[in-house]
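Listing of protein-v5.txt, compact mmCIF, C-alpha atoms
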# COMPACT_ATOMS: atom_id res chain seq x y z
CA MET A 33 37.07 -64.24 89.53
CA ARG A 34 34.78 -62.63 86.97
CA LYS A 35 32.26 -64.79 85.25
CA ALA A 36 32.72 -65.40 81.52
CA GLU A 37 29.41 -63.60 80.92
CA ASP A 38 30.76 -60.43 82.56
CA VAL A 39 34.02 -60.59 80.64
CA LEU A 40 32.09 -61.08 77.42
CA GLU A 41 29.90 -58.08 78.23
CA THR A 42 33.00 -55.92 78.71
CA TYR A 43 34.24 -56.87 75.27
CA LEU A 44 30.80 -56.45 73.69
CA ALA A 45 30.48 -52.94 75.08
CA GLN A 46 33.80 -52.13 73.39
CA ILE A 47 32.67 -53.66 70.10
CA VAL A 48 29.37 -51.78 70.12
CA GLY A 49 31.21 -48.59 71.02
CA GLY A 50 33.54 -49.05 68.07
CA ALA A 51 36.66 -49.59 70.16
CA PRO A 52 39.27 -52.12 68.99
CA VAL A 53 39.12 -55.39 70.84
CA LEU A 54 42.32 -57.28 71.53
CA ALA A 55 41.54 -60.66 72.98
CA THR A 56 43.44 -62.99 70.74
CA ASP A 57 44.36 -65.35 73.56
CA SER A 58 40.93 -65.32 75.16
CA PRO A 59 38.77 -68.43 75.00
CA LEU A 60 36.02 -65.99 74.07
CA GLN A 61 37.78 -65.14 70.84
CA PRO A 62 35.45 -67.11 68.50
CA MET A 63 32.42 -65.43 70.09
CA LEU A 64 34.02 -62.02 69.77
CA GLN A 65 34.79 -62.74 66.16
CA VAL A 66 31.11 -63.46 65.54
CA ALA A 67 30.14 -60.37 67.49
CA MET A 68 32.39 -58.21 65.32
CA GLN A 69 30.93 -59.73 62.17
CA LEU A 70 27.43 -58.96 63.39
CA ARG A 71 28.49 -55.44 64.23
CA GLN A 72 29.72 -55.05 60.67
CA VAL A 73 26.24 -55.84 59.40
CA ALA A 74 25.08 -52.68 61.14
CA ARG A 75 27.61 -50.69 59.13
CA ILE A 76 26.07 -51.71 55.82
CA ALA A 77 23.63 -49.13 54.54
CA PRO A 78 20.93 -49.42 51.90
CA SER A 79 21.87 -47.82 48.61
CA PRO A 80 21.28 -44.05 48.55
CA ALA A 81 19.11 -44.52 45.47
CA ARG A 82 16.83 -46.91 47.32
CA VAL A 83 16.68 -44.70 50.39
CA GLU A 84 15.55 -41.81 48.23
CA ARG A 85 13.05 -43.92 46.33
CA ILE A 86 11.45 -45.11 49.55
CA ARG A 87 11.26 -41.50 50.72
CA VAL A 88 9.45 -40.57 47.52
CA GLU A 89 7.11 -43.57 47.84
CA LEU A 90 6.24 -42.54 51.39
CA ARG A 91 5.24 -39.10 50.17
CA ARG A 92 2.95 -40.60 47.56
CA VAL A 93 1.00 -42.92 49.84
CA PRO A 94 -2.07 -41.46 51.47
CA THR A 95 -2.18 -42.27 55.18
CA ARG A 96 -5.10 -43.51 57.23
CA GLU A 97 -5.96 -42.00 60.53
CA ALA A 98 -7.40 -45.19 61.91
CA GLY A 99 -6.52 -44.35 65.49
CA ALA A 100 -7.07 -40.64 65.35
CA GLN A 101 -9.47 -39.28 67.88
CA PRO A 102 -12.14 -36.82 66.78
CA THR A 103 -11.13 -33.32 67.75
CA THR A 104 -14.41 -31.53 67.08
CA PRO A 105 -17.19 -31.37 69.67
CA ARG A 106 -20.41 -33.31 69.14
CA LEU A 107 -22.94 -31.36 67.12
CA GLY A 108 -26.21 -30.16 68.49
CA LEU A 109 -29.46 -31.57 67.00
CA TRP A 110 -30.24 -28.46 64.99
CA ARG A 111 -26.82 -28.55 63.37
CA ARG A 112 -27.05 -32.15 62.20
CA PRO A 113 -29.07 -31.58 59.00
CA VAL A 114 -26.65 -28.83 58.01
CA ALA A 115 -23.71 -31.10 58.75
CA GLY A 116 -25.39 -33.90 56.80
CA LEU A 117 -25.82 -31.66 53.78
CA ALA A 118 -22.22 -30.53 54.04
CA PHE A 119 -21.11 -34.15 54.36
CA ALA A 120 -23.09 -35.13 51.26
CA MET A 121 -21.51 -32.29 49.31
CA MET A 122 -18.10 -33.30 50.55
CA LEU A 123 -18.71 -36.90 49.42
CA MET A 124 -19.70 -35.65 45.96
CA ALA A 125 -16.58 -33.52 45.81
CA LEU A 126 -14.44 -36.42 46.99
CA GLY A 127 -15.98 -38.70 44.38
CA THR A 128 -15.22 -36.21 41.67
CA THR A 129 -11.72 -35.71 43.00
CA SER A 130 -10.95 -39.42 43.09
CA ALA A 131 -12.22 -39.88 39.58
CA LEU A 132 -10.14 -36.98 38.42
CA ALA A 133 -7.05 -38.15 40.24
CA ALA A 134 -6.47 -40.67 37.45
CA PRO A 135 -2.83 -41.19 38.22
CA SER A 136 -2.40 -43.64 35.35
CA ALA A 137 -4.45 -41.90 32.66
CA LEU A 138 -3.03 -42.25 29.16
CA PRO A 139 -2.53 -39.40 26.69
CA ASP A 140 -5.70 -40.32 24.79
CA SER A 141 -7.71 -39.95 27.97
CA PRO A 142 -9.35 -36.65 28.87
CA LEU A 143 -7.85 -37.18 32.33
CA TYR A 144 -4.25 -37.08 31.10
CA PRO A 145 -3.94 -33.31 31.64
CA VAL A 146 -5.18 -33.88 35.19
CA ARG A 147 -2.50 -36.51 35.69
CA ASN A 148 0.07 -33.98 34.52
CA MET A 149 -1.31 -31.28 36.79
CA ARG A 150 -1.29 -33.67 39.71
CA GLU A 151 2.34 -34.47 39.06
CA ALA A 152 3.17 -30.79 38.77
CA VAL A 153 1.59 -30.19 42.16
CA GLN A 154 3.56 -33.07 43.69
CA VAL A 155 6.75 -31.55 42.34
CA GLN A 156 5.83 -28.14 43.71
CA LEU A 157 5.21 -29.63 47.13
CA ALA A 158 8.50 -31.54 47.21
CA GLY A 159 10.87 -30.06 49.74
CA THR A 160 14.25 -30.70 48.14
CA ALA A 161 15.85 -30.90 44.71
CA ALA A 162 16.56 -34.60 45.35
CA GLN A 163 12.88 -35.26 45.97
CA ARG A 164 11.89 -33.33 42.87
CA ALA A 165 14.46 -35.28 40.86
CA MET A 166 13.08 -38.60 42.04
CA LEU A 167 9.51 -37.51 41.36
CA TYR A 168 10.38 -36.59 37.79
CA ALA A 169 12.33 -39.82 37.33
CA ASN A 170 9.48 -41.91 38.70
CA PHE A 171 6.93 -40.13 36.52
CA ALA A 172 9.07 -40.98 33.50
CA ALA A 173 9.47 -44.58 34.68
CA GLU A 174 5.70 -44.97 35.10
CA ARG A 175 5.18 -43.86 31.52
CA ALA A 176 7.86 -46.24 30.23
CA THR A 177 6.18 -49.10 32.09
CA GLN A 178 2.80 -48.13 30.66
CA LEU A 179 4.21 -47.96 27.15
CA ARG A 180 5.81 -51.38 27.53
CA ARG A 181 2.52 -52.82 28.74
CA LEU A 182 0.60 -51.23 25.88
CA VAL A 183 3.08 -52.61 23.36
CA GLY A 184 2.77 -56.02 25.00
CA HIS A 185 -0.98 -55.93 24.49
CA LYS A 186 -0.56 -54.48 21.00
CA ASP A 187 -2.80 -51.66 22.09
CA VAL A 188 -0.96 -48.54 21.00
CA THR A 189 -1.96 -45.63 18.87
CA PRO A 190 0.62 -43.28 17.33
CA GLY A 191 -0.55 -40.23 19.30
CA VAL A 192 -0.25 -42.06 22.60
CA VAL A 193 3.25 -43.27 21.76
CA VAL A 194 4.51 -39.86 20.72
CA THR A 195 3.12 -38.12 23.80
CA LEU A 196 4.36 -40.74 26.23
CA LEU A 197 7.85 -40.68 24.72
CA ARG A 198 7.93 -36.90 24.68
CA ASP A 199 6.88 -36.74 28.31
CA ILE A 200 9.41 -39.38 29.30
CA THR A 201 12.14 -37.30 27.66
CA SER A 202 11.09 -34.08 29.31
CA ARG A 203 10.79 -35.65 32.75
CA VAL A 204 14.15 -37.38 32.50
CA HIS A 205 15.62 -34.02 31.55
CA GLN A 206 13.97 -32.33 34.54
CA ALA A 207 15.10 -35.14 36.84
CA ASN A 208 18.68 -34.65 35.74
CA GLN A 209 18.46 -30.89 36.16
CA GLN A 210 17.15 -31.24 39.69
CA ALA A 211 19.64 -33.96 40.59
CA LYS A 212 22.47 -31.81 39.32
CA ASP A 213 21.40 -29.14 41.80
CA ASP A 214 21.43 -31.59 44.67
CA GLY A 215 24.44 -33.86 44.64
CA PRO A 216 25.91 -37.28 43.89
CA ALA A 217 23.34 -39.26 45.87
CA ALA A 218 20.46 -37.75 43.91
CA ARG A 219 22.31 -38.23 40.63
CA SER A 220 22.92 -41.85 41.50
CA ALA A 221 19.25 -42.35 42.38
CA VAL A 222 18.07 -40.78 39.15
CA SER A 223 20.61 -42.75 37.16
CA GLN A 224 19.29 -45.98 38.59
CA VAL A 225 15.73 -45.15 37.55
CA GLU A 226 17.01 -44.08 34.14
CA GLY A 227 18.60 -47.49 33.81
CA GLN A 228 15.21 -49.09 34.34
CA ILE A 229 13.58 -46.75 31.83
CA GLY A 230 16.34 -47.51 29.34
CA ASP A 231 15.75 -51.25 29.79
CA GLN A 232 12.02 -50.84 29.15
CA LEU A 233 12.57 -48.76 26.04
CA SER A 234 15.28 -51.11 24.74
CA GLN A 235 12.90 -54.03 25.05
CA ILE A 236 10.23 -52.12 23.15
CA GLN A 237 12.78 -51.29 20.49
CA GLN A 238 13.88 -54.90 20.19
CA GLU A 239 10.30 -56.01 19.69
CA GLY A 240 10.28 -53.83 16.59
CA GLU A 241 6.68 -52.72 16.91
CA PHE A 242 7.41 -49.11 16.01
CA SER A 243 8.36 -47.71 12.64
CA GLY A 244 8.43 -44.28 10.99
CA ASN A 245 7.97 -41.35 13.35
CA ASP A 246 7.25 -43.55 16.35
CA GLY A 247 10.42 -45.54 15.78
CA ALA A 248 12.52 -42.40 15.38
CA GLN A 249 11.00 -40.88 18.51
CA LEU A 250 11.70 -44.06 20.45
CA THR A 251 15.34 -43.97 19.35
CA ASP A 252 15.64 -40.32 20.36
CA THR A 253 14.07 -40.91 23.75
CA LEU A 254 16.26 -43.92 24.43
CA ARG A 255 19.33 -41.87 23.55
CA ASP A 256 18.20 -39.04 25.85
CA VAL A 257 17.63 -41.43 28.73
CA GLN A 258 21.00 -43.08 28.22
CA SER A 259 22.79 -39.76 27.91
CA GLY A 260 21.10 -38.66 31.11
CA GLN A 261 22.59 -41.74 32.79
CA SER A 262 26.03 -40.81 31.63
CA GLY A 263 25.59 -37.32 32.97
CA GLN A 264 24.96 -35.57 29.65
CA SER A 265 21.37 -34.81 30.25
CA GLY A 266 19.08 -32.83 28.04
CA PRO A 267 16.39 -33.70 25.56
CA SER A 268 17.43 -33.94 21.97
CA GLU A 269 16.13 -31.43 19.51
CA GLN A 270 14.53 -34.13 17.39
CA SER A 271 12.59 -35.54 20.27
CA GLY A 272 10.62 -32.40 20.77
CA GLY A 273 11.43 -32.78 24.44
CA ASN A 274 11.69 -29.13 25.15
CA SER A 275 9.57 -28.10 28.01
CA ASN A 276 7.46 -25.83 25.89
CA THR A 277 5.96 -28.85 24.18
CA ASP A 278 5.04 -30.30 27.53
CA THR A 279 2.32 -28.04 28.74
CA ASN A 280 2.15 -29.61 32.12
CA GLN A 281 5.61 -28.97 33.42
CA PRO A 282 5.47 -26.95 36.60
CA MET B 215 21.79 -45.86 73.04
CA PRO B 216 25.10 -45.66 71.27
CA ASN B 217 24.21 -44.88 67.72
CA ALA B 218 21.05 -43.13 67.48
CA LEU B 219 20.43 -41.52 70.07
CA PRO B 220 18.92 -39.30 72.43
CA ASP B 221 21.74 -36.79 72.12
CA GLU B 222 21.35 -36.55 68.38
CA ASN B 223 17.59 -36.87 68.38
CA PRO B 224 16.31 -35.55 71.67
CA ALA B 225 13.25 -37.23 73.06
CA SER B 226 11.18 -34.10 72.56
CA ARG B 227 11.82 -34.21 68.84
CA TYR B 228 10.49 -37.75 68.67
CA VAL B 229 7.39 -36.75 70.57
CA GLU B 230 6.82 -33.89 68.13
CA TRP B 231 7.54 -35.96 65.02
CA LEU B 232 5.26 -38.75 66.21
CA ASP B 233 2.44 -36.37 67.07
CA ARG B 234 2.71 -34.68 63.68
CA ALA B 235 3.05 -37.97 61.80
CA ARG B 236 -0.17 -39.19 63.43
CA ARG B 237 -1.85 -36.10 62.00
CA GLN B 238 -0.68 -37.16 58.53
CA ASP B 239 2.24 -34.77 58.37
CA GLY B 240 4.37 -36.41 55.68
CA HIS B 241 7.38 -34.28 56.51
CA ALA B 242 7.36 -35.49 60.11
CA PHE B 243 7.12 -39.11 58.99
CA ALA B 244 10.04 -38.49 56.65
CA GLN B 245 12.05 -37.24 59.65
CA LEU B 246 11.23 -40.43 61.51
CA TYR B 247 12.26 -42.45 58.47
CA ASP B 248 15.58 -40.60 58.18
CA ALA B 249 16.30 -41.10 61.86
CA THR B 250 15.58 -44.82 61.94
CA TYR B 251 15.99 -46.50 58.57
CA ARG B 252 19.63 -47.51 59.08
CA ARG B 253 18.81 -49.54 62.15
CA VAL B 254 15.73 -51.15 60.65
CA PHE B 255 17.77 -52.00 57.57
CA GLY B 256 20.50 -53.57 59.72
CA TYR B 257 17.89 -55.76 61.39
CA LEU B 258 16.39 -56.79 58.04
CA LEU B 259 19.78 -57.46 56.48
CA ALA B 260 20.83 -59.67 59.36
CA ARG B 261 17.57 -61.60 59.07
CA VAL B 262 17.36 -62.13 55.31
CA GLY B 263 21.05 -61.98 54.41
CA GLU B 264 20.63 -60.24 51.07
CA GLN B 265 20.85 -56.52 50.44
CA PRO B 266 18.22 -56.27 47.64
CA ALA B 267 15.73 -58.30 49.69
CA ALA B 268 16.44 -56.20 52.78
CA GLU B 269 15.88 -53.02 50.77
CA ASP B 270 12.55 -54.33 49.47
CA LEU B 271 11.48 -55.19 52.99
CA LEU B 272 12.65 -51.81 54.25
CA GLN B 273 10.18 -50.17 51.89
CA ASP B 274 7.42 -52.57 52.96
CA VAL B 275 8.08 -51.84 56.63
CA TYR B 276 7.86 -48.06 56.29
CA LEU B 277 4.83 -48.16 54.00
CA ALA B 278 3.08 -50.37 56.56
CA ALA B 279 4.19 -48.07 59.37
CA LEU B 280 2.90 -45.03 57.50
CA GLN B 281 -0.48 -46.69 57.09
CA ALA B 282 -0.67 -47.63 60.75
CA ILE B 283 0.96 -44.63 62.41
CA GLY B 284 -2.44 -43.29 63.50
CA ARG B 285 -2.86 -46.33 65.73
CA PHE B 286 0.63 -46.17 67.25
CA ARG B 287 0.48 -44.83 70.79
CA GLY B 288 4.18 -44.74 71.71
CA ARG B 289 5.94 -41.44 72.35
CA THR B 290 9.62 -42.32 72.55
CA GLU B 291 12.32 -43.30 70.13
CA GLY B 292 12.68 -46.69 71.77
CA GLU B 293 8.97 -47.39 71.49
CA PHE B 294 8.93 -46.31 67.86
CA ILE B 295 11.95 -48.47 66.97
CA GLY B 296 10.42 -51.38 68.83
CA TRP B 297 7.19 -50.95 66.89
CA LEU B 298 9.06 -50.77 63.58
CA LEU B 299 10.95 -53.93 64.43
CA LYS B 300 7.72 -55.75 65.16
CA ILE B 301 6.51 -54.77 61.70
CA ALA B 302 9.90 -55.79 60.29
CA HIS B 303 9.71 -59.15 62.02
CA ALA B 304 6.24 -59.75 60.56
CA LYS B 305 7.49 -58.82 57.08
CA VAL B 306 10.48 -61.15 57.41
CA MET B 307 8.23 -64.01 58.49
CA ASP B 308 5.89 -63.33 55.55
CA ARG B 309 8.89 -63.51 53.28
CA PHE B 310 10.12 -66.78 54.78
CA ARG B 311 6.63 -68.27 54.48
CA THR B 312 6.42 -67.22 50.83
CA GLN B 313 9.84 -68.73 50.12
CA TYR B 314 8.82 -71.95 51.85
CA ARG B 315 5.64 -72.22 49.80
CA HIS B 316 7.18 -71.00 46.57
CA PRO B 317 10.84 -71.98 46.54
CA GLU B 318 10.97 -70.99 42.87
CA LEU B 319 10.76 -67.37 44.06
CA GLN B 320 14.07 -67.49 45.94
CA THR B 321 15.83 -64.21 45.54
CA SER B 322 18.87 -65.88 44.04
CA ASP B 323 16.72 -66.25 40.93
CA VAL B 324 15.85 -62.59 40.89
CA PRO B 325 18.03 -60.48 38.61
CA SER B 326 20.60 -58.44 40.45
CA THR B 327 19.88 -54.77 40.97
CA GLY B 328 23.45 -53.98 40.12
CA VAL B 329 24.24 -52.84 43.63
CA ALA B 330 27.88 -53.53 44.46
CA ASP B 331 28.64 -56.07 47.14
CA PRO B 332 28.14 -54.07 50.32
CA LEU B 333 30.66 -56.19 52.15
CA ASP B 334 33.42 -54.82 49.99
CA ALA B 335 33.10 -51.74 52.14
CA VAL B 336 33.85 -53.43 55.42
CA ASP B 337 37.19 -54.39 56.84
CA GLN B 338 36.54 -58.01 57.34
CA ARG B 339 34.64 -59.98 54.76
CA ILE B 340 31.66 -61.76 56.15
CA ARG B 341 29.05 -63.96 54.60
CA LEU B 342 25.69 -62.34 55.17
CA ASP B 343 23.76 -65.39 54.11
CA GLU B 344 25.70 -67.57 56.56
CA ILE B 345 25.01 -65.12 59.36
CA SER B 346 21.30 -64.96 58.63
CA ASP B 347 21.14 -68.77 58.42
CA ALA B 348 22.97 -69.05 61.72
CA LEU B 349 20.67 -66.50 63.35
CA SER B 350 17.65 -68.49 62.23
CA GLN B 351 18.98 -71.46 64.23
CA LEU B 352 18.88 -69.53 67.52
CA THR B 353 15.91 -69.32 69.83
CA GLU B 354 13.86 -66.17 69.44
CA ASP B 355 15.25 -64.64 72.63
CA GLN B 356 18.83 -65.47 71.66
CA ARG B 357 18.32 -63.97 68.22
CA ASN B 358 16.72 -60.84 69.61
CA VAL B 359 19.45 -60.27 72.14
CA VAL B 360 22.27 -60.36 69.59
CA LEU B 361 20.30 -58.24 67.12
CA ASN B 362 19.52 -55.67 69.80
CA ARG B 363 23.08 -55.54 71.11
CA LEU B 364 25.16 -55.84 67.98
CA VAL B 365 23.04 -54.75 65.04
CA LEU B 366 20.86 -52.09 66.64
CA GLY B 367 23.66 -51.09 69.01
CA LEU B 368 21.55 -51.01 72.19
CA ASP B 369 23.42 -51.18 75.47
CA LEU B 370 22.81 -53.74 78.16
CA GLU B 371 20.24 -51.67 80.05
CA GLU B 372 18.31 -50.76 76.94
CA THR B 373 18.26 -54.34 75.74
CA SER B 374 17.05 -55.40 79.15
CA LYS B 375 14.21 -52.88 78.95
CA VAL B 376 13.23 -53.73 75.38
CA MET B 377 13.18 -57.44 76.04
CA GLY B 378 11.57 -57.21 79.46
CA LYS B 379 14.31 -59.24 81.17
CA ASN B 380 16.78 -58.37 83.88
CA VAL B 381 20.37 -57.49 83.06
CA GLY B 382 21.72 -60.79 84.39
CA SER B 383 19.42 -62.74 82.09
CA ILE B 384 20.50 -60.64 79.12
CA LYS B 385 24.16 -61.34 79.88
CA ALA B 386 23.53 -65.07 80.09
CA LEU B 387 21.38 -65.02 76.98
CA GLN B 388 23.94 -63.17 74.88
CA HIS B 389 26.69 -65.51 76.05
CA ARG B 390 24.68 -68.56 75.01
CA ALA B 391 23.65 -66.92 71.72
CA LEU B 392 27.20 -65.99 70.71
CA ALA B 393 28.54 -69.38 71.77
CA HIS B 394 25.92 -71.04 69.60
CA LEU B 395 26.68 -68.73 66.66
CA ALA B 396 30.42 -69.31 67.04
CA LYS B 397 29.83 -73.03 66.92
CA ILE B 398 27.80 -72.70 63.73
CA LEU B 399 30.03 -70.17 62.00
CA THR B 400 33.48 -71.27 63.17
CA PRO B 401 34.35 -74.88 62.41
CA GLY B 402 35.96 -76.66 65.33
CA VAL B 403 34.54 -74.45 68.08
CA ASP B 404 32.84 -76.20 70.96
CA GLU B 405 29.78 -74.30 72.13
CA HIS B 406 30.31 -75.36 75.73
CA ALA B 407 34.03 -74.67 75.90

Could you rewrite the structure in this file as structure tokens?
Amino acid sequence: MRKAEDVLETYLAQIVGGAPVLATDSPLQPMLQVAMQLRQVARIAPSPARVERIRVELRRVPTREAGAQPTTPRLGLWRRPVAGLAFAMMLMALGTTSALAAPSALPDSPLYPVRNMREAVQVQLAGTAAQRAMLYANFAAERATQLRRLVGHKDVTPGVVVTLLRDITSRVHQANQQAKDDGPAARSAVSQVEGQIGDQLSQIQQEGEFSGNDGAQLTDTLRDVQSGQSGQSGPSEQSGGNSNTDTNQP
Amino acid sequence: MPNALPDENPASRYVEWLDRARRQDGHAFAQLYDATYRRVFGYLLARVGEQPAAEDLLQDVYLAALQAIGRFRGRTEGEFIGWLLKIAHAKVMDRFRTQYRHPELQTSDVPSTGVADPLDAVDQRIRLDEISDALSQLTEDQRNVVLNRLVLGLDLEETSKVMGKNVGSIKALQHRALAHLAKILTPGVDEHA
């Protein structure tokens, strides 16, 4: 007679293989029921939007080569001063590069154009329309978060507000264009980020800090973001969101 | 391995992806991510019982893996998955520790992400939180055996290899684990019946 453990294994192999299991009169039935429930957990997938966002995050994180082995031969004595000089120059260049990277520079910073160029390069390097869409959406979301923080600290100047809102609009527009070229998963991912941007902008609007041109621009941007979510993307004329006004679009 | 597997992702492709990922090739790491995230997510979901939390942890796991890939010496799919699951286990334990110390940060207090109930998509409704609670009451070996078999979809031999135990031990372990789970999850069931 087969041991219960062997019988159970037979059923488990069927469950894992996706075959129907009929063992309603088996004393193992409660265990098989649990096994099938656990197998169903494996069928649940993360949301496509989140999968894409993680993919974009992974592309943005610089990696360390902690375990990498040196591939170049040891240098002779006479080469060391030359290598040292080259290393010093490289450090200077790296220092300059890191300073210029300024991924969070604001429009009133001289580094803001560098931030825009850096983003343009990231977009150029993206392999698919979905990745480009998520990059644009995340760039817009970063600006919305910055604007919300600035408003919270009551540290905004009109020029900064106008530029941030304009760039949010243009990036949301680009994100929707790219997502349209890709498919439903990309559109869903972009829409989710747009929802977050819309929430940020709505909160700013409710706080009532902006009036005049800034207030009007905020309303326009919010409308553009929300229309992007409903699939009617495109910057409004009033918002000045046309890509010609955004000199840093790739 | 039933789901993932060598036929779809031949071993040589893993070797190549891993070699390139170690040299900071982002595209290769993305390939590894695409090939493995479903299984890592299944593990995380079974452990924490909430989709938004599992998605957060999924991101943490792959960001940590990306940072550490240069130190990873494995060359096969199984070794890579095993390594990811070790990272995932550490992230889950960090999360449990944080929840223990700061119960006010329970995810039930966190606003919903608006993601529809994933269980609507499956034939039989199950309670993820009950399953993850029940899993936490098993011994580590019992928990690992059911996760390897039923969530990751490994077969008996693969589970035996991953866990470093013989096939007979795995059979006994999974029987005890499922009996224990059935007792917890099904009222009226006697674990020793």

(request) State, in Å with one decimal place, the distance from CA of His241 in chain B to CA of Val88 in chain A. (result)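 For CA of His241 in chain B relative to CA of Val88 in chain A, the distance reads 11.2 Å.
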
(request) Provide the CA of Val222 in chain A to CA of Ser259 in chain A distance in Å, to one decimal place. (result)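 Separation between CA of Val222 in chain A and CA of Ser259 in chain A: 12.2 Å.
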
(message) For a quick check of understanding, using all atoms listed in the file, which of A:Ile47, A:Ala162, A:Ala77, A:Leu60 has the smallest distance to Thr250 in chain B?
(response) A:Ala77

(request) Could the residues of chain B within 8 Å of chain A, counting all atoms listed in the file, be given as a ChimeraX atom specification, please? (result) /B:216,236-238,240,244,247,252-253,255-257,259-260,265,269,273,276-277,280-286,329,332-333,335-336,338,340,342,345,363-367,369,385-386,389,392-393,395-396,399-400,403,407

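From CA of Leu233 in chain A back to CA of Arg147 in chain A, the distance works out to 21.7 Å.
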
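The list of residues with at least one atom within 7 Å of Leu254 in chain A, based on only C-alpha atoms and without residues fewer than 4 positions apart in the same chain, reads Gly230, Leu233, Leu250 and Gln258 of chain A.
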
(request) Could you check which of A:Ser243, A:Thr253, A:Ser136, A:Thr160 is closest to Leu197 in chain A, using only C-alpha atoms? (result)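 Counting only C-alpha atoms, the residue closest to Leu197 in chain A is A:Thr253.
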